[in-house]
Amino acid sequence: MADSYQEKTERPTGKRLEEARRKGNVAKSIEINSAVGLISGLTLLYVLGGYFYQQTLRMYRAILNGGYQIELTPESVHYYLVQGLGSLGLIVFGFMVGVMVLGIGASILQVGFLFTLEPLQLKFEKLNPLKGFKKIMFSARTVEELIKNIAKLTIVILIGYQAVMGYREEFIPLQDKDVSQIAGFMISAGFKVSFKIAAIFIFIAAADFAFQKYQHIKNLRMTKQEVKDEAKQTEGDPKIKSKIRSVQIQMAMKRMMQNVPTADVVITNPSHYAVALKYDVEQMRAPRVVAKGQNLIALRIRDLAEAHQVPIVEDPPLARALYHTVELEQEIPEQFFQAVAEVLAYVYKLKNKSV
């Protein structure tokens, strides 16, 4: 029970972050999408505004110049309506596609390519109106969004007020200008103010993304027990791993002991070390260590060697050197060739005498 009250002080593991990502729970700032949408929309209007204006002007000129020739019938009204809406639709469609593509790009930059249907799954606990009301009215997220919206509104008001005050001396001469000049001034001033607001929104978006990243990590924090449990699931229970390792050692020991009766010689310390060597002139470049051990294992190797009449040679320096230098199933290095050759020659001599 005490584990359930532990504080979540540990950073989320890679597995925890990956599970959250599969469920669509990622650090993402809506403010970045809003800022990118605003900047891209303003940029497209600034770059393509002249083209949009010329296309719209051409359409209205075509309608107005030949207006007296138009016969108002259901067919003609339908035709000109479709033509007008089609021209405006192409303009608006191109603008919206550009903004949408850049908005999608902003999302990809934040979270990478992510496709999951997890957030769309029906969960009945989400249909509880009391929980929904509590979440809307009293959650930290609601307070956070309220503060951000107030900050953005304040910035827009301040920049708008500063812009109006900066242009106040230019407003009076506008009364002597024609409509096109007034419109040009208003568009130019509007773009300048809008780009200033957009620049501020970018800073807000960057700060909000950093905050969302922090909140995301904070919400996924784990207790020390959760980290341990996950490690057990990922890497296996230490007790089970220890048992498996013990079984593997026993099996390896059994295989090693089965090699002792086939050895040509066992070199001993005499009782602390034992190394069994096998040499096949046709298949091996040098003698190979087929068994080795210390203390009790060394005694078992000696007993097996005696039981199967494998020669035992006492050479403490050579036994210790072979035990510490050569691994199982490895051929002895060149530095031991002379000493081992002398031992094998002695063993072969004994075998010839016994024969």
# chains A, B, ... in the order shown; residues from 1 in each chain; ligands from 1

call {"tool": "residues_around", "arguments": {"residues": "A:Gly37", "least_positions_apart": "4", "cutoff": "9 Å", "atoms": "only C-alpha atoms", "output": "PyMOL selection string"}}
result
chain A and resi 32-33+41-42+99-100+102-103

call {"tool": "write_last_selection", "arguments": {"atoms": "all heavy atoms", "output": "compact mmCIF listing (two decimals), in the first residue's frame"}}
result
# COMPACT_ATOMS: atom_id res chain seq x y z
N ILE A 32 1.62 27.41 -31.45
CA ILE A 32 2.53 27.36 -32.60
C ILE A 32 1.73 27.27 -33.89
O ILE A 32 2.03 27.96 -34.88
CB ILE A 32 3.50 26.17 -32.47
CG1 ILE A 32 4.53 26.47 -31.37
CG2 ILE A 32 4.21 25.89 -33.79
CD1 ILE A 32 5.60 25.43 -31.22
N ASN A 33 0.70 26.43 -33.91
CA ASN A 33 -0.14 26.34 -35.09
C ASN A 33 -0.84 27.66 -35.38
O ASN A 33 -0.96 28.08 -36.54
CB ASN A 33 -1.18 25.23 -34.91
CG ASN A 33 -0.55 23.86 -34.83
OD1 ASN A 33 0.02 23.49 -33.82
ND2 ASN A 33 -0.67 23.09 -35.89
N GLY A 41 -0.63 33.14 -43.39
CA GLY A 41 -1.74 33.84 -44.01
C GLY A 41 -1.36 35.26 -44.41
O GLY A 41 -1.66 35.71 -45.53
N LEU A 42 -0.69 35.95 -43.50
CA LEU A 42 -0.26 37.32 -43.81
C LEU A 42 0.76 37.33 -44.96
O LEU A 42 0.70 38.20 -45.84
CB LEU A 42 0.36 37.96 -42.57
CG LEU A 42 -0.62 38.34 -41.45
CD1 LEU A 42 0.15 38.78 -40.21
CD2 LEU A 42 -1.56 39.44 -41.91
N VAL A 99 -2.14 27.89 -46.31
CA VAL A 99 -2.16 28.00 -44.84
C VAL A 99 -2.25 26.61 -44.20
O VAL A 99 -1.58 26.33 -43.20
CB VAL A 99 -3.35 28.87 -44.39
CG1 VAL A 99 -3.49 28.87 -42.88
CG2 VAL A 99 -3.18 30.30 -44.90
N MET A 100 -3.06 25.72 -44.78
CA MET A 100 -3.23 24.38 -44.22
C MET A 100 -1.92 23.58 -44.28
O MET A 100 -1.55 22.92 -43.31
CB MET A 100 -4.33 23.63 -44.97
CG MET A 100 -4.61 22.25 -44.42
SD MET A 100 -5.90 21.39 -45.35
CE MET A 100 -5.04 21.12 -46.91
N LEU A 102 1.16 24.68 -44.34
CA LEU A 102 2.11 25.20 -43.36
C LEU A 102 1.69 24.84 -41.94
O LEU A 102 2.53 24.58 -41.07
CB LEU A 102 2.23 26.72 -43.51
CG LEU A 102 2.91 27.18 -44.80
CD1 LEU A 102 2.82 28.69 -44.93
CD2 LEU A 102 4.38 26.75 -44.81
N GLY A 103 0.37 24.79 -41.68
CA GLY A 103 -0.12 24.38 -40.36
C GLY A 103 0.23 22.92 -40.07
O GLY A 103 0.64 22.58 -38.96

call {"tool": "residues_around", "arguments": {"residues": "A:Gly293", "least_positions_apart": "5", "cutoff": "7 Å", "atoms": "only C-alpha atoms", "output": "short mmCIF file (atom, residue, chain, number, x, y, z; two decimals) with N, CA and C atoms, in the first residue's frame"}}
result
data_model
loop_
_atom_site.label_atom_id
_atom_site.label_comp_id
_atom_site.auth_asym_id
_atom_site.auth_seq_id
_atom_site.Cartn_x
_atom_site.Cartn_y
_atom_site.Cartn_z
N TYR A 273 44.66 -25.76 -9.04
CA TYR A 273 44.34 -25.51 -10.45
C TYR A 273 44.43 -26.82 -11.22
N ALA A 274 43.57 -26.92 -12.24
CA ALA A 274 43.64 -28.06 -13.14
C ALA A 274 43.20 -27.60 -14.52
N VAL A 275 44.01 -27.94 -15.54
CA VAL A 275 43.70 -27.56 -16.92
C VAL A 275 43.85 -28.79 -17.80
N ALA A 298 38.76 -28.15 -9.70
CA ALA A 298 40.04 -28.75 -10.06
C ALA A 298 40.12 -30.18 -9.54
#

call {"tool": "closest_residue", "arguments": {"among": "A:Leu85, A:Ala151, A:Val260, A:Ile204", "to": "A:Ala307", "atoms": "only C-alpha atoms"}}
result
A:Val260

call {"tool": "closest_residue", "arguments": {"among": "A:Leu153, A:Asn269, A:Gly14, A:Glu226", "to": "A:Val313", "atoms": "only C-alpha atoms"}}
result
A:Asn269
